[in-house]
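Asks: Data file data_16.cif (mmCIF, C-alpha atoms) is appended below.
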data_data
#
loop_
_atom_site.group_PDB
_atom_site.id
_atom_site.type_symbol
_atom_site.label_atom_id
_atom_site.label_comp_id
_atom_site.auth_asym_id
_atom_site.auth_seq_id
_atom_site.Cartn_x
_atom_site.Cartn_y
_atom_site.Cartn_z
ATOM 1 C CA MET A 1373 136.232 -45.471 170.463
ATOM 2 C CA ASN A 1374 136.703 -47.839 167.561
ATOM 3 C CA ASP A 1375 139.595 -47.835 165.144
ATOM 4 C CA ILE A 1376 139.854 -47.052 161.488
ATOM 5 C CA PHE A 1377 140.668 -49.689 158.893
ATOM 6 C CA LEU A 1378 142.046 -49.277 155.381
ATOM 7 C CA LYS A 1379 141.996 -52.151 152.922
ATOM 8 C CA THR A 1380 143.552 -51.750 149.480
ATOM 9 C CA ASP A 1381 143.279 -53.872 146.372
ATOM 10 C CA SER A 1382 145.263 -53.061 143.236
ATOM 11 C CA GLU A 1383 144.736 -54.305 139.712
ATOM 12 C CA ASN A 1384 145.290 -53.328 136.097
ATOM 13 C CA ILE A 1385 142.157 -52.501 134.102
ATOM 14 C CA HIS A 1386 142.606 -51.589 130.426
ATOM 15 C CA ASP A 1387 146.314 -50.909 131.007
ATOM 16 C CA LYS A 1388 145.517 -48.498 133.845
ATOM 17 C CA LYS A 1389 146.671 -49.122 137.383
ATOM 18 C CA THR A 1390 143.595 -49.127 139.601
ATOM 19 C CA VAL A 1391 143.311 -49.147 143.381
ATOM 20 C CA LYS A 1392 140.241 -49.711 145.513
ATOM 21 C CA MET A 1393 140.688 -48.233 148.970
ATOM 22 C CA GLN A 1394 138.053 -49.258 151.478
ATOM 23 C CA ILE A 1395 137.809 -47.291 154.723
ATOM 24 C CA LYS A 1396 135.803 -48.579 157.703
ATOM 25 C CA GLY A 1397 135.304 -47.581 161.319
ATOM 26 C CA ASP A 1398 135.766 -44.216 163.013
ATOM 27 C CA VAL A 1399 136.743 -41.836 160.226
ATOM 28 C CA ILE A 1400 137.855 -38.983 162.462
ATOM 29 C CA LEU A 1401 140.915 -36.744 162.693
ATOM 30 C CA GLN A 1402 142.649 -38.773 165.397
ATOM 31 C CA ASN A 1403 142.443 -41.908 163.251
ATOM 32 C CA LEU A 1404 143.049 -40.463 159.780
ATOM 33 C CA ASN A 1405 146.708 -39.735 160.555
ATOM 34 C CA SER A 1406 147.390 -43.470 160.736
ATOM 35 C CA ILE A 1407 146.122 -44.218 157.208
ATOM 36 C CA PHE A 1408 146.878 -40.965 155.365
ATOM 37 C CA PRO A 1409 150.422 -41.912 154.228
ATOM 38 C CA GLU A 1410 149.136 -45.166 152.676
ATOM 39 C CA ILE A 1411 146.321 -43.298 150.906
ATOM 40 C CA ILE A 1412 148.779 -40.814 149.390
ATOM 41 C CA ALA A 1413 151.171 -43.598 148.347
ATOM 42 C CA ASN A 1414 148.340 -45.394 146.561
ATOM 43 C CA ILE A 1415 147.248 -42.229 144.763
ATOM 44 C CA ASP A 1416 150.829 -41.710 143.588
ATOM 45 C CA LYS A 1417 151.094 -45.283 142.221
ATOM 46 C CA HIS A 1418 147.720 -45.589 140.469
ATOM 47 C CA ASP A 1419 145.770 -43.979 137.619
ATOM 48 C CA ASN A 1420 142.256 -44.842 138.835
ATOM 49 C CA ILE A 1421 141.282 -44.277 142.452
ATOM 50 C CA HIS A 1422 138.154 -45.884 143.925
ATOM 51 C CA LEU A 1423 137.446 -44.763 147.484
ATOM 52 C CA ILE A 1424 134.835 -46.769 149.359
ATOM 53 C CA LEU A 1425 133.578 -45.714 152.788
ATOM 54 C CA ASN A 1426 131.360 -48.278 154.486
ATOM 55 C CA GLU A 1427 130.680 -49.624 157.965
ATOM 56 C CA ILE A 1428 131.362 -46.084 159.207
ATOM 57 C CA THR A 1429 130.729 -45.569 162.914
ATOM 58 C CA GLU A 1430 131.886 -41.924 163.122
ATOM 59 C CA LEU A 1431 132.623 -39.266 160.505
ATOM 60 C CA ASP A 1432 133.909 -35.743 161.130
ATOM 61 C CA LEU A 1433 134.812 -32.681 159.111
ATOM 62 C CA SER A 1434 138.405 -33.857 158.673
ATOM 63 C CA ALA A 1435 137.100 -36.919 156.802
ATOM 64 C CA ILE A 1436 135.132 -34.696 154.438
ATOM 65 C CA GLN A 1437 138.232 -32.567 153.919
ATOM 66 C CA LEU A 1438 140.241 -35.712 153.180
ATOM 67 C CA ILE A 1439 137.730 -36.790 150.528
ATOM 68 C CA TYR A 1440 137.905 -33.370 148.850
ATOM 69 C CA SER A 1441 141.698 -33.419 149.073
ATOM 70 C CA ILE A 1442 141.876 -36.830 147.408
ATOM 71 C CA LYS A 1443 139.537 -35.669 144.636
ATOM 72 C CA LYS A 1444 141.504 -32.442 144.045
ATOM 73 C CA THR A 1445 144.786 -34.377 143.999
ATOM 74 C CA CYS A 1446 143.361 -36.821 141.461
ATOM 75 C CA ASP A 1447 141.959 -34.010 139.307
ATOM 76 C CA SER A 1448 145.237 -32.089 139.271
ATOM 77 C CA ASN A 1449 147.144 -35.240 138.289
ATOM 78 C CA ASN A 1450 144.642 -36.364 135.615
ATOM 79 C CA LYS A 1451 143.609 -39.420 137.607
ATOM 80 C CA LYS A 1452 140.109 -40.856 137.664
ATOM 81 C CA PHE A 1453 138.384 -40.643 141.057
ATOM 82 C CA GLU A 1454 135.289 -42.548 142.137
ATOM 83 C CA LEU A 1455 133.665 -42.294 145.550
ATOM 84 C CA VAL A 1456 131.272 -44.865 147.006
ATOM 85 C CA LEU A 1457 129.596 -43.983 150.296
ATOM 86 C CA GLU A 1458 127.572 -46.470 152.295
ATOM 87 C CA LEU A 1459 126.787 -44.392 155.358
ATOM 88 C CA PRO A 1460 124.480 -45.125 158.280
ATOM 89 C CA GLU A 1461 121.231 -43.198 157.951
ATOM 90 C CA GLU A 1462 121.992 -40.919 160.913
ATOM 91 C CA ILE A 1463 125.376 -39.838 159.477
ATOM 92 C CA GLU A 1464 123.853 -39.340 156.025
ATOM 93 C CA LEU A 1465 121.074 -37.193 157.514
ATOM 94 C CA LEU A 1466 123.581 -35.164 159.539
ATOM 95 C CA LEU A 1467 125.643 -34.460 156.400
ATOM 96 C CA LYS A 1468 122.563 -33.405 154.432
ATOM 97 C CA ASN A 1469 121.366 -31.132 157.242
ATOM 98 C CA SER A 1470 124.854 -29.606 157.538
ATOM 99 C CA GLY A 1471 124.977 -28.602 153.878
ATOM 100 C CA PHE A 1472 127.117 -31.494 152.684
ATOM 101 C CA GLU A 1473 124.427 -33.076 150.524
ATOM 102 C CA LYS A 1474 126.883 -33.034 147.617
ATOM 103 C CA ILE A 1475 129.053 -35.526 149.518
ATOM 104 C CA VAL A 1476 126.117 -37.802 150.299
ATOM 105 C CA ASN A 1477 125.099 -37.794 146.635
ATOM 106 C CA THR A 1478 128.778 -38.484 145.742
ATOM 107 C CA ASN A 1479 128.736 -35.768 143.094
ATOM 108 C CA ILE A 1480 131.964 -34.142 144.220
#
The structure given in the file should be rewritten as structure tokens.

Replies:
Amino acid sequence: MNDIFLKTDSENIHDKKTVKMQIKGDVILQNLNSIFPEIIANIDKHDNIHLILNEITELDLSAIQLIYSIKKTCDSNNKKFELVLELPEEIELLLKNSGFEKIVNTNI
């Protein structure tokens, strides 16, 4: 089992605090607990949230729930949310076949 990695970069764009959070590795329940507090802290501190998932080796339902939770939190706090997914073909196909095509198309 691989680990999960979270990299954050903050900047000000047009007087708005922006954070880019890049998640890599095994995005599964056991690993999400280690990065969740940092994700929430960054959402609290920034106006624009860019979530990038790439180099993903595993993805489970808890990861999808986390993405929806981040989006709902941003929406309820009038924050801009952008999701960029660069998934391996087999994970993308699994999501589409499981009814999560909306996630793959990043139209959440």

Asks: Go through A:Leu1457, A:Val1391, A:Leu1404, A:Ile1376 and flag the residue nearest Ile1424 in chain A, using all atoms listed in the file for the distances.

Replies: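 Checking each of A:Leu1457, A:Val1391, A:Leu1404, A:Ile1376 against Ile1424 in chain A, counting all atoms listed in the file, the winner is A:Leu1457.
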
Asks: May I ask which of the residues A:Ser1470, A:Leu1378, A:Leu1459, A:Lys1392 is the closest one to Pro1409 in chain A, counting all atoms listed in the file?

Replies: A:Leu1378

Asks: Please write the residues picked by the PyMOL selection byres ((chain A and resi 1460) around 8) on this file as number ranges by chain.

Replies: A: 1427-1429, 1458-1459, 1461-1464

Asks: Compare A:Leu1466, A:Ile1442, A:Leu1401, A:Leu1455 by their minimum atom-to-atom distance to Asn1426 in chain A, counting only C-alpha atoms, and give me the closest one.

Replies: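 Between A:Leu1466, A:Ile1442, A:Leu1401, A:Leu1455, the residue approaching Asn1426 in chain A most closely is A:Leu1455.
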
Asks: Take the PyMOL selection byres ((chain A and resi 1403) around 12), apply it to the structure above, and return the hits as a list in words.

Replies: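 That selection, the PyMOL selection byres ((chain A and resi 1403) around 12), comes back as Met1373, Asn1374, Asp1375, Ile1376, Phe1377, Leu1378, Ile1395, Lys1396, Gly1397, Asp1398, Val1399, Ile1400, Leu1401, Gln1402, Leu1404, Asn1405, Ser1406, Ile1407, Phe1408, Glu1430, Leu1431, Asp1432, Ser1434 and Ala1435 of chain A.
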
Asks: Can you tell me, as lines of an AutoDock Vina configuration file, the centre and edge lengths (Å, one decimal) of the axis-aligned box enclosing all of range 1414-1432 of chain A's listed atoms after padding each side by 3 Å?

Replies:
center_x = 140.9
center_y = -42.7
center_z = 150.4
size_x = 26.4
size_y = 19.9
size_z = 31.5

Asks: So which one's closest to Lys1389 in chain A, A:Lys1443, A:Lys1451, A:Lys1468, A:Lys1474? Using all atoms listed in the file, please.

Replies: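 Counting all atoms listed in the file, the residue closest to Lys1389 in chain A is A:Lys1451.
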
Asks: Out of A:Gly1471, A:Asp1419, A:Asp1447, A:Ile1439, which residue has the shortest atom-to-atom distance to Lys1388 in chain A when counting all atoms listed in the file?

Replies: A:Asp1419

Asks: Exactly which residues make up the result of the PyMOL selection byres ((chain A and resi 1445) around 12) on this file, given as a list of chain:residue names?

Replies: A:Ile1411, A:Ile1412, A:Asn1414, A:Ile1415, A:Asp1416, A:Asp1419, A:Asn1420, A:Ile1421, A:Leu1438, A:Ile1439, A:Tyr1440, A:Ser1441, A:Ile1442, A:Lys1443, A:Lys1444, A:Cys1446, A:Asp1447, A:Ser1448, A:Asn1449, A:Asn1450, A:Lys1451, A:Lys1452, A:Phe1453

Asks: Quick one: of A:Thr1380, A:Asp1387, A:Leu1467, A:Val1456, who's nearest to Leu1423 in chain A, counting all atoms listed in the file?

Replies: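 Smallest separation from Leu1423 in chain A among the options: A:Val1456.
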
Asks: What is the distance, in Å and to one decimal place, between CA of Ile1385 in chain A and CA of Ala1413 in chain A?

Replies: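 Straight-line distance from CA of Ile1385 in chain A to CA of Ala1413 in chain A works out to 19.1 Å.
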